[in-house]
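Participant: Dropping in structure25.txt, with compact mmCIF, C-alpha atoms.
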```txt
# COMPACT_ATOMS: atom_id res chain seq x y z
CA MET A 83 -11.41 27.68 7.99
CA PRO A 84 -9.14 24.86 6.70
CA SER A 85 -5.78 26.18 5.73
CA SER A 86 -2.30 24.91 4.93
CA PRO A 87 1.33 26.04 4.70
CA ALA A 88 1.69 28.60 1.93
CA GLY A 89 3.63 26.28 -0.39
CA VAL A 90 1.01 23.55 -0.32
CA SER A 91 -1.83 26.04 -0.74
CA GLU A 92 -0.10 27.72 -3.68
CA GLN A 93 0.58 24.33 -5.29
CA GLY A 94 -3.10 23.43 -5.16
CA LEU A 95 -4.17 26.88 -6.34
CA ALA A 96 -1.82 26.80 -9.34
CA LEU A 97 -3.04 23.35 -10.39
CA LEU A 98 -6.68 24.36 -9.96
CA ARG A 99 -6.17 27.49 -12.05
CA GLU A 100 -4.36 25.48 -14.74
CA ARG A 101 -7.19 22.95 -14.93
CA LEU A 102 -9.92 25.58 -15.08
CA GLN A 103 -8.09 27.52 -17.79
CA SER A 104 -7.69 24.32 -19.84
CA ILE A 105 -11.44 23.61 -20.00
CA PRO A 106 -12.41 25.63 -23.12
CA ASP A 107 -9.60 24.14 -25.22
CA LEU A 108 -10.41 20.65 -23.93
CA LEU A 109 -14.08 21.09 -24.82
CA GLU A 110 -13.16 22.08 -28.37
CA GLY A 111 -10.44 19.46 -28.70
CA TRP A 112 -12.46 16.53 -27.37
CA ALA A 113 -15.36 17.44 -29.64
CA ARG A 114 -13.03 16.69 -32.58
CA SER A 115 -11.91 13.34 -31.14
CA PRO A 116 -12.89 9.79 -32.18
CA GLU A 117 -14.58 9.38 -28.77
CA ALA A 118 -16.87 12.33 -29.48
CA ALA A 119 -17.64 10.85 -32.89
CA LEU A 120 -18.65 7.60 -31.17
CA ALA A 121 -20.88 9.53 -28.76
CA ALA A 122 -22.55 11.19 -31.74
CA GLN A 123 -23.29 7.83 -33.38
CA PRO A 124 -24.71 5.49 -30.71
CA ARG A 125 -25.00 1.85 -31.71
CA MET A 126 -28.64 1.63 -30.62
CA ILE A 127 -31.62 3.83 -29.82
CA PRO A 128 -32.84 3.22 -26.25
CA ARG A 129 -36.55 2.77 -25.63
CA ARG A 130 -36.35 4.24 -22.12
CA VAL A 131 -33.42 5.43 -20.03
CA VAL A 132 -32.45 5.20 -16.36
CA ALA A 133 -29.42 7.38 -15.55
CA THR A 134 -27.39 7.47 -12.36
CA GLY A 135 -24.23 8.97 -10.86
CA LEU A 136 -22.82 10.50 -7.68
CA GLY A 137 -21.04 13.79 -6.99
CA SER A 138 -20.48 15.71 -10.22
CA SER A 139 -21.63 12.57 -12.06
CA GLU A 140 -25.10 13.08 -10.56
CA ALA A 141 -25.24 16.41 -12.37
CA HIS A 142 -24.25 14.67 -15.63
CA ALA A 143 -26.97 12.06 -15.20
CA ARG A 144 -29.62 14.66 -14.38
CA TYR A 145 -28.55 16.81 -17.33
CA LEU A 146 -28.83 13.83 -19.66
CA VAL A 147 -32.29 13.01 -18.31
CA TRP A 148 -33.38 16.62 -18.77
CA LEU A 149 -32.05 16.67 -22.35
CA LEU A 150 -33.79 13.42 -23.27
CA ASN A 151 -37.12 14.48 -21.81
CA ARG A 152 -36.90 17.98 -23.27
CA PHE A 153 -35.60 17.28 -26.77
CA THR A 154 -36.44 13.64 -27.63
CA ASP A 155 -39.27 11.14 -27.44
CA ILE A 156 -37.21 8.83 -25.19
CA PRO A 157 -38.59 8.80 -21.61
CA ALA A 158 -35.81 9.13 -19.02
CA GLU A 159 -35.52 9.15 -15.25
CA PHE A 160 -32.76 9.77 -12.73
CA LEU A 161 -32.27 7.01 -10.17
CA PRO A 162 -30.05 7.41 -7.08
CA THR A 163 -27.22 4.90 -7.21
CA GLY A 164 -28.12 3.50 -3.80
CA ALA A 165 -31.52 2.48 -5.14
CA LEU A 166 -29.72 -0.07 -7.33
CA LEU A 167 -28.47 -1.99 -4.30
CA SER A 168 -31.80 -3.79 -4.31
CA PRO A 169 -33.72 -3.05 -7.53
CA GLU A 170 -37.14 -4.49 -8.24
CA PRO A 171 -36.76 -7.72 -10.25
CA GLY A 172 -37.84 -7.31 -13.85
CA HIS A 173 -38.74 -3.64 -13.44
CA TYR A 174 -36.07 -2.31 -15.83
CA ARG A 175 -36.03 -4.97 -18.56
CA ASP A 176 -37.03 -2.50 -21.28
CA ARG A 177 -34.68 0.29 -20.19
CA THR A 178 -31.11 1.30 -20.90
CA LEU A 179 -28.90 1.87 -17.88
CA VAL A 180 -26.68 4.95 -18.27
CA VAL A 181 -23.94 5.32 -15.65
CA PHE A 182 -21.64 8.33 -15.27
CA SER A 183 -18.40 7.89 -13.34
CA GLN A 184 -15.21 9.77 -14.13
CA GLY A 185 -12.95 7.31 -12.30
CA LEU A 186 -15.16 4.17 -12.25
CA SER A 187 -15.55 4.31 -8.47
CA ALA A 188 -16.83 1.50 -6.27
CA HIS A 189 -20.23 3.20 -6.11
CA ALA A 190 -20.46 3.31 -9.90
CA ARG A 191 -19.67 -0.40 -9.94
CA ILE A 192 -22.72 -0.97 -7.71
CA ALA A 193 -24.88 0.33 -10.56
CA LEU A 194 -22.92 -1.52 -13.24
CA SER A 195 -23.15 -4.80 -11.34
CA ARG A 196 -26.94 -4.62 -11.93
CA ARG A 197 -26.62 -4.25 -15.69
CA SER A 198 -28.20 -7.65 -16.32
CA ASP A 199 -31.48 -6.19 -15.00
CA PHE A 200 -31.52 -3.77 -17.95
CA ALA A 201 -31.89 -4.11 -21.70
CA SER A 202 -28.52 -2.48 -22.37
CA THR A 203 -25.78 -0.44 -20.68
CA VAL A 204 -23.99 2.81 -21.50
CA LEU A 205 -21.03 4.00 -19.43
CA PHE A 206 -19.63 7.54 -19.57
CA THR A 207 -16.19 7.57 -17.96
CA ALA A 208 -12.67 8.97 -18.18
CA ALA A 209 -11.16 5.61 -17.20
CA SER A 210 -9.24 3.48 -19.71
CA LEU A 211 -7.89 -0.07 -19.52
CA GLU A 212 -4.35 1.23 -19.96
CA GLY A 213 -4.68 3.90 -17.29
CA LEU A 214 -6.29 1.55 -14.77
CA ARG A 215 -3.60 -1.04 -15.44
CA ARG A 216 -0.82 1.51 -14.89
CA SER A 217 -2.33 2.66 -11.61
CA GLY A 218 -2.85 -0.89 -10.36
CA LYS A 219 -6.62 -0.53 -9.96
CA GLN A 220 -7.41 -4.13 -10.77
CA ASP A 221 -11.05 -4.08 -9.66
CA ARG A 222 -11.79 -1.10 -11.91
CA GLU A 223 -9.90 -2.64 -14.81
CA ASP A 224 -11.87 -5.89 -14.43
CA CYS A 225 -15.11 -3.92 -14.45
CA LEU A 226 -14.26 -1.99 -17.60
CA GLN A 227 -12.92 -5.08 -19.35
CA ALA A 228 -16.10 -7.03 -18.62
CA LEU A 229 -18.24 -4.22 -20.02
CA LEU A 230 -16.19 -4.02 -23.21
CA THR A 231 -16.22 -7.80 -23.63
CA GLU A 232 -20.00 -7.86 -23.26
CA GLY A 233 -20.44 -5.13 -25.85
CA ALA A 234 -21.62 -2.33 -23.55
CA GLU A 235 -21.32 1.15 -25.00
CA VAL A 236 -18.44 2.99 -23.32
CA ILE A 237 -17.91 6.70 -24.01
CA ARG A 238 -14.67 8.17 -22.69
CA PHE A 239 -14.06 11.85 -21.94
CA PRO A 240 -11.16 13.71 -20.27
CA LEU A 241 -9.64 13.86 -17.69
CA GLU A 242 -8.57 10.39 -16.60
CA ASP A 243 -5.98 11.39 -14.03
CA GLU A 244 -7.71 14.37 -12.38
CA TYR A 245 -6.48 13.64 -8.91
CA THR A 246 -4.10 15.46 -6.50
CA LEU A 247 -6.90 17.93 -5.65
CA LEU A 248 -10.19 17.03 -3.99
CA ILE A 249 -12.29 19.10 -6.39
CA ARG A 250 -12.56 18.06 -10.02
CA VAL A 251 -13.37 20.67 -12.63
CA VAL A 252 -12.29 19.24 -16.01
CA GLY A 253 -14.23 15.98 -15.82
CA PRO A 254 -17.48 17.69 -14.84
CA ALA A 255 -17.31 20.10 -17.80
CA LEU A 256 -16.36 17.40 -20.32
CA GLY A 257 -18.97 14.99 -18.95
CA PHE A 258 -21.68 17.54 -19.72
CA LEU A 259 -20.41 17.80 -23.29
CA ALA A 260 -20.36 14.01 -23.71
CA ALA A 261 -23.97 13.81 -22.51
CA ARG A 262 -25.03 16.65 -24.80
CA ILE A 263 -23.46 15.08 -27.89
CA TRP A 264 -24.92 11.62 -27.14
CA VAL A 265 -28.46 12.94 -26.71
CA GLY A 266 -28.06 15.06 -29.84
CA ALA A 267 -27.93 11.84 -31.84
CA PHE A 268 -31.56 11.11 -30.90
CA ALA A 269 -32.96 14.64 -31.05
CA GLY A 270 -33.03 15.33 -34.78
CA ASN A 271 -33.62 18.99 -35.58
CA THR A 272 -34.73 19.83 -32.04
CA LEU A 273 -31.13 19.80 -30.76
CA PRO A 274 -28.92 21.01 -33.59
CA GLY A 275 -25.19 20.87 -34.06
CA ASP A 276 -22.48 18.37 -35.00
CA PRO A 277 -19.94 17.51 -32.24
CA GLN A 278 -17.34 20.04 -33.35
CA THR A 279 -19.87 22.87 -33.48
CA VAL A 280 -21.33 21.96 -30.10
CA GLY A 281 -17.85 21.74 -28.59
CA ALA A 282 -16.98 25.22 -29.86
CA GLU A 283 -20.29 26.59 -28.59
CA ALA A 284 -19.79 24.99 -25.17
CA ALA A 285 -16.28 26.47 -24.94
CA ALA A 286 -17.61 29.92 -25.86
CA ALA A 287 -20.35 29.60 -23.24
CA PHE A 288 -17.80 28.65 -20.57
CA ARG A 289 -15.53 31.58 -21.48
CA GLY A 290 -18.51 33.96 -21.51
CA GLY A 291 -19.60 32.74 -18.10
CA TRP A 292 -16.11 33.25 -16.66
CA ASP A 293 -16.01 36.83 -17.97
CA ALA A 294 -19.48 37.54 -16.56
CA GLY A 295 -18.48 36.07 -13.21
CA ARG A 296 -15.59 38.51 -12.89
CA GLN A 297 -18.03 41.39 -13.27
CA ALA A 298 -20.87 40.02 -11.17
CA TRP A 299 -19.03 39.20 -7.95
CA PRO A 300 -15.26 39.79 -7.92
CA ARG A 301 -15.04 38.12 -4.48
CA MET A 302 -17.54 36.07 -2.53
CA GLU A 303 -16.32 37.17 0.90
CA PRO A 304 -16.21 34.34 3.46
CA ALA A 305 -17.76 36.61 6.08
CA ALA A 306 -20.91 36.74 3.96
CA PHE A 307 -20.79 33.50 1.96
CA GLY A 308 -18.99 31.23 4.42
CA GLN A 309 -22.23 29.98 5.93
CA GLY A 310 -23.78 29.21 2.57
CA PHE A 311 -26.18 31.17 0.40
CA ALA A 312 -29.38 30.83 -1.58
CA LEU A 313 -28.75 29.94 -5.24
CA LEU A 314 -31.85 30.84 -7.25
CA VAL A 315 -31.81 29.60 -10.84
CA SER A 316 -33.92 29.31 -13.96
CA PRO A 317 -36.29 26.33 -13.90
CA ASP A 318 -34.29 24.39 -16.51
CA LEU A 319 -31.05 24.83 -14.57
CA SER A 320 -32.59 23.71 -11.29
CA GLU A 321 -32.78 20.19 -12.75
CA TYR A 322 -29.01 19.64 -13.08
CA LEU A 323 -26.87 22.30 -11.35
CA GLN A 324 -25.77 20.02 -8.50
CA ASN A 325 -22.14 20.40 -9.57
CA LEU A 326 -22.18 24.12 -8.74
CA VAL A 327 -23.22 23.17 -5.24
CA PHE A 328 -20.25 20.80 -5.01
CA LYS A 329 -17.87 23.56 -6.09
CA PHE A 330 -18.49 25.27 -2.75
CA VAL A 331 -18.61 22.07 -0.70
CA GLU A 332 -15.49 20.43 -2.16
CA GLY A 333 -13.70 23.56 -3.34
CA LEU A 334 -14.07 25.86 -0.34
CA PHE A 335 -15.46 23.50 2.34
CA HIS A 336 -18.44 25.81 2.78
CA PRO A 337 -21.99 24.64 3.52
CA ALA A 338 -23.84 23.68 0.37
CA PRO A 339 -25.76 26.54 -1.28
CA ASP A 340 -29.53 26.10 -1.26
CA LEU A 341 -30.41 25.41 -4.90
CA GLN A 342 -33.90 26.70 -5.69
CA GLU A 343 -35.94 27.48 -8.78
CA LEU A 344 -36.74 31.21 -9.06
CA LEU A 345 -40.41 30.98 -8.13
CA GLN A 346 -39.63 28.72 -5.17
CA PHE A 347 -37.95 31.62 -3.34
CA ALA A 348 -41.26 32.94 -1.99
CA HIS A 349 -42.32 29.50 -0.72
CA GLY A 350 -40.19 29.29 2.41
CA PRO A 351 -36.57 30.15 1.50
CA PHE A 352 -37.15 33.92 1.64
CA GLN A 353 -38.85 33.66 5.01
CA GLN A 354 -36.01 31.50 6.38
CA LEU A 355 -33.37 33.92 5.11
CA THR A 356 -35.23 36.81 6.70
CA ALA A 357 -34.81 35.05 10.04
CA SER A 358 -31.21 33.92 9.35
CA PRO A 359 -29.72 36.28 6.75
CA ARG A 360 -27.40 34.91 4.06
CA PRO A 361 -26.65 36.21 0.56
CA VAL A 362 -28.83 35.47 -2.44
CA VAL A 363 -27.31 34.67 -5.85
CA VAL A 364 -29.63 34.67 -8.88
CA LEU A 365 -28.83 32.91 -12.16
CA HIS A 366 -31.52 34.06 -14.56
CA ARG A 367 -31.76 33.91 -18.31
CA THR A 368 -31.88 36.97 -20.54
CA GLY A 369 -35.45 37.98 -21.25
CA ASP A 370 -38.41 39.96 -19.97
CA LEU A 371 -40.01 37.08 -18.08
CA GLU A 372 -37.05 36.28 -15.88
CA GLY A 373 -36.01 39.93 -15.78
CA GLU A 374 -39.32 40.71 -14.08
CA GLN A 375 -38.79 37.88 -11.63
CA LEU A 376 -35.30 39.20 -10.83
CA ARG A 377 -36.68 42.68 -10.16
CA ARG A 378 -39.18 41.22 -7.71
CA ILE A 379 -36.51 39.10 -6.03
CA ARG A 380 -34.26 42.16 -5.65
CA ALA A 381 -37.14 44.10 -4.12
CA LEU A 382 -37.81 41.31 -1.63
CA CYS A 383 -34.12 41.21 -0.70
CA ARG A 384 -34.01 44.99 -0.16
CA THR A 385 -37.05 44.76 2.10
CA ALA A 386 -35.32 42.14 4.26
CA SER A 387 -31.84 43.74 3.99
CA LEU A 388 -30.50 40.68 2.16
CA GLU A 389 -27.47 40.91 -0.12
CA CYS A 390 -28.50 39.98 -3.69
CA HIS A 391 -26.13 39.21 -6.59
CA ALA A 392 -26.90 38.56 -10.25
CA THR A 393 -25.16 38.89 -13.59
CA VAL A 394 -25.90 42.17 -15.34
CA SER A 395 -27.43 40.73 -18.49
CA GLY A 396 -28.41 37.26 -17.31
CA LEU A 397 -27.35 34.00 -18.92
CA VAL A 398 -27.24 34.39 -22.68
CA SER A 399 -26.45 30.88 -23.98
CA ARG A 400 -28.84 28.61 -25.84
CA THR A 401 -30.92 26.47 -23.47
CA ASP A 402 -28.92 23.27 -23.91
CA LEU A 403 -25.63 25.16 -23.34
CA LEU A 404 -26.59 27.07 -20.20
CA VAL A 405 -24.78 24.58 -17.98
CA PHE A 406 -21.42 25.49 -19.54
CA GLU A 407 -22.01 29.20 -18.98
CA ALA A 408 -23.06 28.51 -15.38
CA GLU A 409 -19.93 26.40 -14.81
CA GLY A 410 -17.72 29.22 -16.07
CA LEU A 411 -19.59 31.81 -14.04
CA PHE A 412 -18.19 30.48 -10.78
CA ALA A 413 -14.62 29.80 -11.91
CA GLU A 414 -13.26 33.14 -10.66
CA PRO A 415 -15.08 33.10 -7.28
CA LEU A 416 -13.77 29.57 -6.72
CA LEU A 417 -10.18 30.49 -7.51
CA GLN A 418 -10.30 33.65 -5.40
CA GLY A 419 -11.89 31.77 -2.51
CA VAL A 420 -9.18 29.10 -2.53
CA GLU A 421 -6.49 31.79 -2.67
CA HIS A 422 -7.81 34.26 -0.10
CA GLU A 423 -9.02 31.64 2.38
CA GLY A 424 -5.83 29.59 2.15
CA ILE A 425 -7.72 26.43 1.26
CA ASP A 426 -5.62 23.27 1.12
CA GLN A 427 -6.91 21.29 -1.85
CA VAL A 428 -3.92 18.90 -1.73
CA SER A 429 -4.14 17.65 1.87
CA TRP A 430 -7.80 18.34 2.44
CA PRO A 431 -9.57 17.79 5.78
CA GLY A 432 -10.58 14.17 6.30
CA ARG A 433 -8.42 12.86 3.47
CA GLY A 434 -8.44 9.07 3.56
CA TRP A 435 -11.11 8.82 6.24
CA ASP A 436 -13.87 8.29 3.68
CA GLY A 437 -12.51 4.95 2.51
CA PRO A 438 -14.92 2.64 4.41
CA LEU A 439 -17.90 4.25 2.66
CA TYR A 440 -16.30 5.44 -0.59
CA ASP A 441 -14.99 1.94 -1.31
CA TYR A 442 -18.31 0.23 -0.56
CA SER A 443 -19.43 -1.74 -3.61
CA GLY A 444 -22.51 -3.50 -2.24
CA PRO A 445 -23.35 -6.47 -0.02
CA SER A 446 -22.23 -9.01 -2.63
CA SER A 447 -19.37 -9.20 -5.09
CA PRO A 448 -20.26 -7.61 -8.44
CA SER A 449 -20.02 -9.79 -11.50
CA PHE A 450 -16.78 -8.47 -12.98
CA PRO A 451 -14.60 -11.58 -13.41
CA ALA A 452 -10.88 -11.01 -13.09
CA SER A 453 -10.42 -13.69 -15.74
CA ALA A 454 -12.16 -11.65 -18.45
CA LYS A 455 -10.15 -11.59 -21.67
CA ARG A 456 -8.05 -8.45 -21.98
CA MET A 457 -8.54 -6.22 -25.00
CA GLY A 458 -5.95 -3.94 -26.55
```
Represent the structure contained in this file as structure tokens.

Facilitator:
Amino acid sequence: MPSSPAGVSEQGLALLRERLQSIPDLLEGWARSPEAALAAQPRMIPRRVVATGLGSSEAHARYLVWLLNRFTDIPAEFLPTGALLSPEPGHYRDRTLVVFSQGLSAHARIALSRRSDFASTVLFTAASLEGLRRSGKQDREDCLQALLTEGAEVIRFPLEDEYTLLIRVVGPALGFLAARIWVGAFAGNTLPGDPQTVGAEAAAAFRGGWDAGRQAWPRMEPAAFGQGFALLVSPDLSEYLQNLVFKFVEGLFHPAPDLQELLQFAHGPFQQLTASPRPVVVLHRTGDLEGEQLRRIRALCRTASLECHATVSGLVSRTDLLVFEAEGLFAEPLLQGVEHEGIDQVSWPGRGWDGPLYDYSGPSSPSFPASAKRMG
């Protein structure tokens, strides 16, 4: 298991704890900001949406697609960023491109370089012209400047400088809120709440999840969970919980949990776990329907001598806020795993080796002219 000298490990653990503890206040505070007000009042109504992102930004894009399809009349689809390396000419002319990227990475710029293939562009990011200029990231600054000059819609959310550690926790939580508020502008009465109310509700859901997580599994022992586990979730959550998977991959360097919808468990995963036992974690919603499914899942696990974990009452948040409760649910297991396993989140394994792929921005230079007029 990757480890580090105690001082380095403690430094990373303290910073991770500080960032996680800051999330509820940041959710409430950002919801009162001018940026949240802009998200709640989009300049145009898209006819159709194509959303993309990588890492935790993939979860944001999938959440936004789920919200649009569930609560509005705007058709939406998730598209892997790599698919935009060679898009079909003319295929997206009537669609709005929505890109999520906390730091405006090279891979996000692949998607943004194809913006002329779309009717309009929306970027959700934590990056600012001032911050990019201070850090000397000229290519990212040129990209953002070109988008602003062209009139693209840019929605900023915290945290711009969430570096030092490999895992990011603030940006993922705030990105979900930005997506929720933006979609709320198109949903009418089907997705209620002004930005401030939604921010307060999201913060309460996160805090409630953290409290429930302390009771459900005080420690996810590496002997049991170190080789991964099955993560069974409500059907809505299965659409956009990729960031929980990354918490274990990037946070603890464990194999990715197998994310499955509740009913899918009997269609192969249970049989595989019976042959190669690993724990089962169930995220179900409060209610008789999913309570019955949980009882059946527990019975299956007992039959196969599989360890099964679930919150006592199930997830209690409103449907559109479940993601915040789920994010909070794993805050304590993540912190305790980093502490007890001596994980080095500051000098992580492979640091710097990913550059040749991480910095790849496509086979041709994207159209972000360095000569674009600066704003602000």

Participant: Choose the residue, out of A:Arg125, A:Arg296, A:Arg114, A:Arg262, that has the smallest atom-to-atom separation from Val147 (chain A); count all atoms listed in the file.

Facilitator: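 Of the candidates, the smallest distance to Val147 (chain A) is held by A:Arg262.
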
Participant: Under the rule that all atoms listed in the file are counted, which of A:Pro300, A:Arg433, A:Gly185, A:Arg130 is the nearest residue to Glu159 (chain A)?

Facilitator: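 Residue with the minimum atom-to-atom distance to Glu159 (chain A): A:Arg130.
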
Participant: Neighbouring residues of region 388-390 of chain A were defined as those with any atom within 10 Å, considering all atoms listed in the file; residues of the same chain fewer than 3 positions away were excluded. Please report them as a PDB file with C-alpha atoms, in the coordinates of the input.

Facilitator:
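File produced: part-v5.pdb:
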```
ATOM      1  CA  ALA A 306     -20.910  36.740   3.960  1.00  0.00           C
ATOM      2  CA  PHE A 311     -26.180  31.170   0.400  1.00  0.00           C
ATOM      3  CA  ALA A 312     -29.380  30.830  -1.580  1.00  0.00           C
ATOM      4  CA  PHE A 352     -37.150  33.920   1.640  1.00  0.00           C
ATOM      5  CA  LEU A 355     -33.370  33.920   5.110  1.00  0.00           C
ATOM      6  CA  THR A 356     -35.230  36.810   6.700  1.00  0.00           C
ATOM      7  CA  SER A 358     -31.210  33.920   9.350  1.00  0.00           C
ATOM      8  CA  PRO A 359     -29.720  36.280   6.750  1.00  0.00           C
ATOM      9  CA  ARG A 360     -27.400  34.910   4.060  1.00  0.00           C
ATOM     10  CA  PRO A 361     -26.650  36.210   0.560  1.00  0.00           C
ATOM     11  CA  VAL A 362     -28.830  35.470  -2.440  1.00  0.00           C
ATOM     12  CA  VAL A 363     -27.310  34.670  -5.850  1.00  0.00           C
ATOM     13  CA  VAL A 364     -29.630  34.670  -8.880  1.00  0.00           C
ATOM     14  CA  LEU A 376     -35.300  39.200 -10.830  1.00  0.00           C
ATOM     15  CA  ILE A 379     -36.510  39.100  -6.030  1.00  0.00           C
ATOM     16  CA  ARG A 380     -34.260  42.160  -5.650  1.00  0.00           C
ATOM     17  CA  ALA A 381     -37.140  44.100  -4.120  1.00  0.00           C
ATOM     18  CA  LEU A 382     -37.810  41.310  -1.630  1.00  0.00           C
ATOM     19  CA  CYS A 383     -34.120  41.210  -0.700  1.00  0.00           C
ATOM     20  CA  ARG A 384     -34.010  44.990  -0.160  1.00  0.00           C
ATOM     21  CA  THR A 385     -37.050  44.760   2.100  1.00  0.00           C
TER      22      THR A 385
END
```

Participant: Select, from A:Leu344, A:Leu214, A:Val251, A:Ala267, the residue with the minimum atom-to-atom distance to Gly373 (chain A), counting only C-alpha atoms.

Facilitator: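 Nearest to Gly373 (chain A): A:Leu344.
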
Participant: List as an mmCIF file with C-alpha atoms, in the frame of the given file the residues having at least one atom at most 7 Å from position (-15.4, 22.1, -15.3) as given in the file, counting only C-alpha atoms.

Facilitator:
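Written out: point_4.cif:
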```
data_model
loop_
_atom_site.group_PDB
_atom_site.id
_atom_site.type_symbol
_atom_site.label_atom_id
_atom_site.label_comp_id
_atom_site.auth_asym_id
_atom_site.auth_seq_id
_atom_site.Cartn_x
_atom_site.Cartn_y
_atom_site.Cartn_z
ATOM 1 C CA LEU A 102 -9.920 25.580 -15.080
ATOM 2 C CA ILE A 105 -11.440 23.610 -20.000
ATOM 3 C CA VAL A 251 -13.370 20.670 -12.630
ATOM 4 C CA VAL A 252 -12.290 19.240 -16.010
ATOM 5 C CA GLY A 253 -14.230 15.980 -15.820
ATOM 6 C CA PRO A 254 -17.480 17.690 -14.840
ATOM 7 C CA ALA A 255 -17.310 20.100 -17.800
ATOM 8 C CA LEU A 256 -16.360 17.400 -20.320
ATOM 9 C CA GLU A 409 -19.930 26.400 -14.810
#
```

Participant: Mind checking which residues fall within 12 Å of Arg216 (chain A), counting only C-alpha atoms, ignoring those fewer than 6 positions away in the same chain, and posting them as a short mmCIF file (atom, residue, chain, number, x, y, z; two decimals) with C-alpha atoms, in the frame of the given file?

Facilitator:
```cif
data_model
loop_
_atom_site.label_atom_id
_atom_site.label_comp_id
_atom_site.auth_asym_id
_atom_site.auth_seq_id
_atom_site.Cartn_x
_atom_site.Cartn_y
_atom_site.Cartn_z
CA ALA A 209 -11.16 5.61 -17.20
CA SER A 210 -9.24 3.48 -19.71
CA ARG A 222 -11.79 -1.10 -11.91
CA GLU A 223 -9.90 -2.64 -14.81
CA GLU A 242 -8.57 10.39 -16.60
CA ASP A 243 -5.98 11.39 -14.03
#
```

Participant: Neighbours of Thr163 (chain A) within 10 Å (only C-alpha atoms; same-chain residues fewer than 6 positions away dropped), as a list in words?

Facilitator: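 The contact residues come out as Ala133, Thr134, Gly135, Leu136, Glu140, Val181, His189, Ala190, Arg191, Ile192, Ala193 and Leu194 of chain A.
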
Participant: For a quick check of understanding, using all atoms listed in the file, which of A:Ala305, A:Ile263, A:Leu314, A:Ser187 has the smallest distance to Asp221 (chain A)?

Facilitator: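 Selected residue with least distance to Asp221 (chain A): A:Ser187.
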
Participant: Find the residues near Gly410 (chain A): any atom within 7 Å, counting only C-alpha atoms, skip ones fewer than 2 places away on the same chain, and give them as an MDAnalysis selection string.

Facilitator: chainID A and resid 288:289 291:292 406:408 412:413

Participant: Selected residues, C-alpha atoms, written as a PDB file, in the frame of the given file, please.

Facilitator:
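selection_35.pdb, freshly written:
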```
ATOM      1  CA  PHE A 288     -17.800  28.650 -20.570  1.00  0.00           C
ATOM      2  CA  ARG A 289     -15.530  31.580 -21.480  1.00  0.00           C
ATOM      3  CA  GLY A 291     -19.600  32.740 -18.100  1.00  0.00           C
ATOM      4  CA  TRP A 292     -16.110  33.250 -16.660  1.00  0.00           C
ATOM      5  CA  PHE A 406     -21.420  25.490 -19.540  1.00  0.00           C
ATOM      6  CA  GLU A 407     -22.010  29.200 -18.980  1.00  0.00           C
ATOM      7  CA  ALA A 408     -23.060  28.510 -15.380  1.00  0.00           C
ATOM      8  CA  PHE A 412     -18.190  30.480 -10.780  1.00  0.00           C
ATOM      9  CA  ALA A 413     -14.620  29.800 -11.910  1.00  0.00           C
TER      10      ALA A 413
END
```

Participant: For the atom pair CA of Thr368 (chain A) and CA of Ser395 (chain A), what is the interatomic distance in Å to one decimal place?

Facilitator: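 So the answer is 6.2 Å.
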
Participant: Between CA of Lys329 (chain A) and CA of Glu374 (chain A), measure the distance and give it in Å to one decimal.

Facilitator: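 CA of Glu374 (chain A) lies 28.6 Å from CA of Lys329 (chain A).
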